[in-house]
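Q: Structure incoming, see below.
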Amino acid sequence: MTDPLPAPPATPPSAPLRLADYRTAAYRRLPSPVRDFVEGGAGGERALAANRRAFGRVTLRPRVLVDVSVCDTATELLGAPLATPVGVAPTAYHRLLHPEGELATARGAGRAGALYVVSLFASSPLEEIAAAATGPCWLQLYWLRRREVLADLAGRAAAAGYRALVLTVDAPYLGRRHRDARNGFAVPPDVRAVNLDPSLMAAAHRPAPGRSALAVHTAEAVDPSVTWADLAWLRGRSTLPLVLKGILTAEDARRAVAHGADAVVVSNHGGRQLDTAPAALDALPEVVAAVGAACPVLFDGGVRGGADAFAALALGARAVLLGRPVLWGLAAGGADGVAGVLDLATEELSHTMALTGRPALPFLDRTAATLAPPR
């Protein structure tokens, strides 16, 4: 089975020096089925590994004799100021990782001045997450068969102060996640997607040997018949900006713009959906070119440090989202761990900006990095 990162060292350092050190600490705390749920990908995990390998084909192009005494990582997204372009990707069931769940994640993201994209399958109430946050929150959605539930969630998000809706568009069915199937993984009864009716979530809690309960639940709850034409229905039920997550081709990027998307996220779902999908980083340049100046492009897929974030930003992303590393930080230290992951990634980004002679994010353009084609 392909592992996206080297095996954790036997003895972690006293203070994390890289994001993988949070992974080491998290591994020491989590039971193996939860580790597999977090770390695993679809099928043979080729897309999962490809996300990391793509960053190995990046070369940064340093400029010299530039004043880099101060490097500014501040940016804005959909009108919200951010201290860092490194944010939190939507991931489910944070109470699997820490008793305070998404409330700790929200506090950690706020301390770092980062965006937090909250999952539909959060294990804390949307309103409480928003109240704990001191930075902007967006709400991620899947297209549920029960549209009245989707409309209700959009209304709750607006009322609670969320600033955008993020529709995940690459999961009409759940990817074949063999680690979860081998473990007969099901969400434990004390961890629930509390923002949804229990009747919608019952299948996610029923373990069975050789089967992922989440795959069964997704097949029951998510509507695989949704098309581009359905976006107008969601638009008609919320005034919040609409972000489409899971765009990997220029064709879909252009359609997203034509259907009024306010932003898109280049993502292969962390390698957890289509196992033969391209690495997200390989898809990024064509999506950026197709979108042009029509809307911001965010990036999600294999970022494991500030140099990776720099590369994605140089290739056209406005912001990058961390999934697994945030979960490592949450498991390792709650809100402090989440803030630590985001701060470390931002510090590494600032350091890379200094060493490449790019003192502010607008200087991170296609002259700052090259991406060799996959071999």
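Each chain in the structure tokens gets a letter, A, B and so on, in the order shown; residues start at 1 in every chain, and ligands are counted from 1 in the order they appear.
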Write out as a CSV table (one decimal) with N, CA, C and O atoms, in the first residue's frame all residues of segment 59-280 of chain A that backbone DSSP assigns to strand (DSSP E).

A:
```csv
chain,number,residue,atom,x,y,z
A,59,THR,N,10.5,23.1,-9.4
A,59,THR,CA,11.7,23.9,-9.2
A,59,THR,C,11.3,25.3,-9.0
A,59,THR,O,10.6,25.9,-9.8
A,60,LEU,N,11.8,25.9,-7.9
A,60,LEU,CA,11.6,27.3,-7.6
A,60,LEU,C,12.7,28.1,-8.2
A,60,LEU,O,13.9,27.7,-8.3
A,75,THR,N,-3.6,38.2,2.4
A,75,THR,CA,-4.4,38.2,1.2
A,75,THR,C,-5.9,38.4,1.5
A,75,THR,O,-6.2,38.7,2.7
A,76,GLU,N,-6.7,38.2,0.5
A,76,GLU,CA,-8.2,38.3,0.8
A,76,GLU,C,-8.9,37.3,-0.2
A,76,GLU,O,-8.4,37.0,-1.3
A,77,LEU,N,-10.0,36.8,0.3
A,77,LEU,CA,-10.8,35.9,-0.5
A,77,LEU,C,-12.3,36.2,-0.4
A,77,LEU,O,-12.8,36.3,0.7
A,80,ALA,N,-13.0,38.8,2.2
A,80,ALA,CA,-12.6,38.6,3.6
A,80,ALA,C,-11.0,38.7,3.7
A,80,ALA,O,-10.3,38.0,3.0
A,81,PRO,N,-10.5,39.5,4.6
A,81,PRO,CA,-9.1,39.6,4.7
A,81,PRO,C,-8.5,38.4,5.5
A,81,PRO,O,-9.2,37.9,6.4
A,82,LEU,N,-7.4,37.9,5.1
A,82,LEU,CA,-6.7,36.8,5.7
A,82,LEU,C,-5.3,37.1,6.0
A,82,LEU,O,-4.6,37.7,5.2
A,86,VAL,N,-2.9,30.1,3.5
A,86,VAL,CA,-3.0,28.7,3.9
A,86,VAL,C,-4.2,28.5,4.8
A,86,VAL,O,-4.3,29.1,5.9
A,87,GLY,N,-5.2,27.8,4.3
A,87,GLY,CA,-6.4,27.6,5.1
A,87,GLY,C,-6.7,26.1,5.4
A,87,GLY,O,-5.9,25.2,5.1
A,88,VAL,N,-7.9,25.9,5.9
A,88,VAL,CA,-8.3,24.5,6.3
A,88,VAL,C,-9.3,24.0,5.4
A,88,VAL,O,-10.4,24.6,5.1
A,116,TYR,N,-11.4,28.8,7.3
A,116,TYR,CA,-11.8,27.5,7.7
A,116,TYR,C,-13.0,27.1,6.9
A,116,TYR,O,-14.1,27.7,7.0
A,117,VAL,N,-12.9,26.0,6.0
A,117,VAL,CA,-14.0,25.5,5.3
A,117,VAL,C,-14.6,24.3,6.1
A,117,VAL,O,-13.9,23.3,6.2
A,118,VAL,N,-15.8,24.5,6.6
A,118,VAL,CA,-16.4,23.5,7.5
A,118,VAL,C,-17.1,22.5,6.7
A,118,VAL,O,-17.8,22.8,5.8
A,137,CYS,N,-15.4,31.7,7.9
A,137,CYS,CA,-15.8,30.3,7.7
A,137,CYS,C,-16.6,30.2,6.4
A,137,CYS,O,-17.5,31.0,6.2
A,138,TRP,N,-16.4,29.1,5.7
A,138,TRP,CA,-17.3,28.7,4.6
A,138,TRP,C,-17.8,27.3,4.9
A,138,TRP,O,-17.2,26.6,5.7
A,139,LEU,N,-19.0,27.0,4.4
A,139,LEU,CA,-19.6,25.7,4.6
A,139,LEU,C,-19.6,24.9,3.4
A,139,LEU,O,-20.1,25.3,2.3
A,140,GLN,N,-19.0,23.7,3.5
A,140,GLN,CA,-19.0,22.7,2.4
A,140,GLN,C,-20.2,21.9,2.4
A,140,GLN,O,-20.7,21.5,3.5
A,141,LEU,N,-20.7,21.6,1.2
A,141,LEU,CA,-21.9,20.8,1.1
A,141,LEU,C,-21.7,19.7,0.0
A,141,LEU,O,-20.9,19.8,-0.9
A,165,LEU,N,-20.7,29.1,0.4
A,165,LEU,CA,-21.0,27.7,0.3
A,165,LEU,C,-20.0,27.1,-0.7
A,165,LEU,O,-19.8,27.6,-1.8
A,166,VAL,N,-19.5,25.9,-0.3
A,166,VAL,CA,-18.6,25.2,-1.1
A,166,VAL,C,-19.2,23.8,-1.5
A,166,VAL,O,-19.3,23.0,-0.6
A,167,LEU,N,-19.6,23.7,-2.7
A,167,LEU,CA,-20.2,22.5,-3.2
A,167,LEU,C,-19.2,21.5,-3.7
A,167,LEU,O,-18.5,21.8,-4.7
A,168,THR,N,-19.0,20.4,-3.1
A,168,THR,CA,-18.1,19.3,-3.6
A,168,THR,C,-18.8,18.6,-4.7
A,168,THR,O,-19.9,18.1,-4.6
A,242,LEU,N,-21.0,31.0,-4.2
A,242,LEU,CA,-20.9,29.6,-4.4
A,242,LEU,C,-19.6,29.2,-5.0
A,242,LEU,O,-19.1,29.7,-6.0
A,243,VAL,N,-18.9,28.3,-4.3
A,243,VAL,CA,-17.6,27.8,-4.7
A,243,VAL,C,-17.8,26.3,-5.1
A,243,VAL,O,-18.4,25.6,-4.4
A,244,LEU,N,-17.1,25.9,-6.2
A,244,LEU,CA,-17.2,24.5,-6.6
A,244,LEU,C,-15.9,23.9,-6.4
A,244,LEU,O,-14.8,24.3,-6.9
A,245,LYS,N,-15.9,22.8,-5.6
A,245,LYS,CA,-14.7,22.1,-5.2
A,245,LYS,C,-14.6,20.7,-5.9
A,245,LYS,O,-15.6,19.9,-5.9
A,246,GLY,N,-13.4,20.5,-6.6
A,246,GLY,CA,-13.3,19.2,-7.3
A,246,GLY,C,-13.1,19.4,-8.8
A,246,GLY,O,-13.3,18.4,-9.5
A,247,ILE,N,-12.7,20.6,-9.2
A,247,ILE,CA,-12.5,20.9,-10.6
A,247,ILE,C,-11.0,20.5,-11.0
A,247,ILE,O,-10.1,20.9,-10.4
A,263,ALA,N,-15.9,31.1,-7.1
A,263,ALA,CA,-14.5,30.5,-7.0
A,263,ALA,C,-14.6,29.1,-7.3
A,263,ALA,O,-15.6,28.4,-7.3
A,264,VAL,N,-13.4,28.5,-7.6
A,264,VAL,CA,-13.3,27.0,-7.8
A,264,VAL,C,-12.1,26.5,-7.0
A,264,VAL,O,-11.2,27.3,-6.7
A,265,VAL,N,-12.2,25.3,-6.6
A,265,VAL,CA,-11.1,24.6,-5.9
A,265,VAL,C,-10.6,23.5,-6.7
A,265,VAL,O,-11.4,22.5,-7.0
A,266,VAL,N,-9.3,23.5,-7.1
A,266,VAL,CA,-8.7,22.4,-7.8
A,266,VAL,C,-8.3,21.4,-6.8
A,266,VAL,O,-7.6,21.6,-5.9
A,267,SER,N,-8.9,20.2,-7.0
A,267,SER,CA,-8.8,19.1,-5.9
A,267,SER,C,-9.1,17.8,-6.5
A,267,SER,O,-10.1,17.7,-7.3
```

Q: Produce a table with one row for each residue of segment 2-104 of chain A that has an atom at most 10 Å from any atom of segment 272-275 of chain A, each row naming the nearest atom pair and its distance in Å at one decimal; use only C-alpha atoms; arrange rows by chain and rising residue number; format as a Markdown table.

A:
```
| residue | atom | partner | partner_atom | distance |
| --- | --- | --- | --- | --- |
| A:Glu39 | CA | A:Arg272 | CA | 9.4 |
| A:Gly40 | CA | A:Arg272 | CA | 7.2 |
| A:Gly41 | CA | A:Arg272 | CA | 4.2 |
| A:Ala42 | CA | A:Arg272 | CA | 4.5 |
| A:Gly43 | CA | A:Asp275 | CA | 5.7 |
| A:Gly44 | CA | A:Asp275 | CA | 6.9 |
| A:Glu45 | CA | A:Asp275 | CA | 6.1 |
| A:Arg46 | CA | A:Asp275 | CA | 5.7 |
| A:Ala47 | CA | A:Asp275 | CA | 5.0 |
| A:Leu48 | CA | A:Arg272 | CA | 7.1 |
| A:Ala49 | CA | A:Asp275 | CA | 9.8 |
| A:Ala50 | CA | A:Asp275 | CA | 9.7 |
```

Q: Print the selection's residues with all heavy atoms to a file, as a compact mmCIF listing (two decimals), in the first residue's frame.

A:
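Printed below is selection_21.txt as written:
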```txt
# COMPACT_ATOMS: atom_id res chain seq x y z
N GLU A 39 -5.68 8.78 6.56
CA GLU A 39 -4.55 8.71 5.64
C GLU A 39 -4.89 8.06 4.31
O GLU A 39 -4.20 8.29 3.31
CB GLU A 39 -3.40 7.93 6.29
CG GLU A 39 -2.83 8.59 7.54
CD GLU A 39 -2.09 9.87 7.23
OE1 GLU A 39 -1.05 9.82 6.57
OE2 GLU A 39 -2.57 10.93 7.64
N GLY A 40 -5.92 7.23 4.27
CA GLY A 40 -6.16 6.39 3.11
C GLY A 40 -6.66 7.14 1.89
O GLY A 40 -7.20 8.24 1.98
N GLY A 41 -6.46 6.48 0.74
CA GLY A 41 -6.98 6.98 -0.52
C GLY A 41 -7.84 5.93 -1.18
O GLY A 41 -8.16 4.90 -0.59
N ALA A 42 -8.19 6.19 -2.43
CA ALA A 42 -9.04 5.27 -3.18
C ALA A 42 -8.19 4.25 -3.92
O ALA A 42 -7.06 4.53 -4.33
CB ALA A 42 -9.90 6.04 -4.18
N GLY A 43 -8.76 3.05 -4.11
CA GLY A 43 -8.15 2.02 -4.94
C GLY A 43 -6.74 1.71 -4.53
O GLY A 43 -6.44 1.45 -3.35
N GLY A 44 -5.82 1.69 -5.48
CA GLY A 44 -4.41 1.45 -5.21
C GLY A 44 -3.67 2.65 -4.69
O GLY A 44 -2.45 2.62 -4.55
N GLU A 45 -4.38 3.73 -4.42
CA GLU A 45 -3.84 4.97 -3.85
C GLU A 45 -2.81 5.64 -4.77
O GLU A 45 -1.90 6.32 -4.33
CB GLU A 45 -3.28 4.73 -2.45
CG GLU A 45 -4.34 4.19 -1.50
CD GLU A 45 -3.95 4.18 -0.04
OE1 GLU A 45 -2.74 4.27 0.25
OE2 GLU A 45 -4.86 4.07 0.82
N ARG A 46 -3.03 5.49 -6.08
CA ARG A 46 -2.14 6.15 -7.04
C ARG A 46 -2.32 7.66 -7.04
O ARG A 46 -1.35 8.41 -7.09
CB ARG A 46 -2.37 5.57 -8.44
CG ARG A 46 -1.82 4.17 -8.62
CD ARG A 46 -2.07 3.64 -10.02
NE ARG A 46 -3.48 3.39 -10.26
CZ ARG A 46 -3.97 3.01 -11.45
NH1 ARG A 46 -3.16 2.88 -12.49
NH2 ARG A 46 -5.26 2.78 -11.60
N ALA A 47 -3.59 8.10 -7.00
CA ALA A 47 -3.82 9.55 -7.00
C ALA A 47 -3.31 10.18 -5.72
O ALA A 47 -2.80 11.31 -5.72
CB ALA A 47 -5.31 9.84 -7.18
N LEU A 48 -3.45 9.45 -4.63
CA LEU A 48 -2.92 9.94 -3.35
C LEU A 48 -1.42 10.15 -3.45
O LEU A 48 -0.90 11.22 -3.07
CB LEU A 48 -3.26 8.91 -2.26
CG LEU A 48 -2.73 9.16 -0.85
CD1 LEU A 48 -3.33 10.42 -0.26
CD2 LEU A 48 -3.02 7.96 0.05
N ALA A 49 -0.69 9.16 -3.96
CA ALA A 49 0.75 9.28 -4.09
C ALA A 49 1.13 10.31 -5.14
O ALA A 49 2.13 11.02 -5.00
CB ALA A 49 1.36 7.92 -4.44
N ALA A 50 0.34 10.42 -6.21
CA ALA A 50 0.65 11.37 -7.28
C ALA A 50 0.62 12.80 -6.77
O ALA A 50 1.40 13.65 -7.24
CB ALA A 50 -0.33 11.19 -8.43
```

Q: Using only C-alpha atoms for the distances, tell me which of A:Leu322, A:Ala112, A:Leu150, A:Arg107 is nearest to Ile129 of chain A.

A: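 Looking only at the distances to Ile129 of chain A, the closest residue turns out to be A:Arg107.
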
Q: Go through A:Arg57, A:Arg156, A:His98, A:Arg18 one by one, measure the shortest atom-to-atom distance of each to Gly333 of chain A using only C-alpha atoms, and give the residue with the smallest value.

A: A:His98

Q: When you look at segment 354-368 of chain A with a cut-off of 7 Å (counting only C-alpha atoms), what residues show up, excluding the ones that are within fewer than 2 positions of it in the same chain? I need them as number ranges by chain.

A: A: 60-64, 66, 68, 70-73, 313-316, 350-352
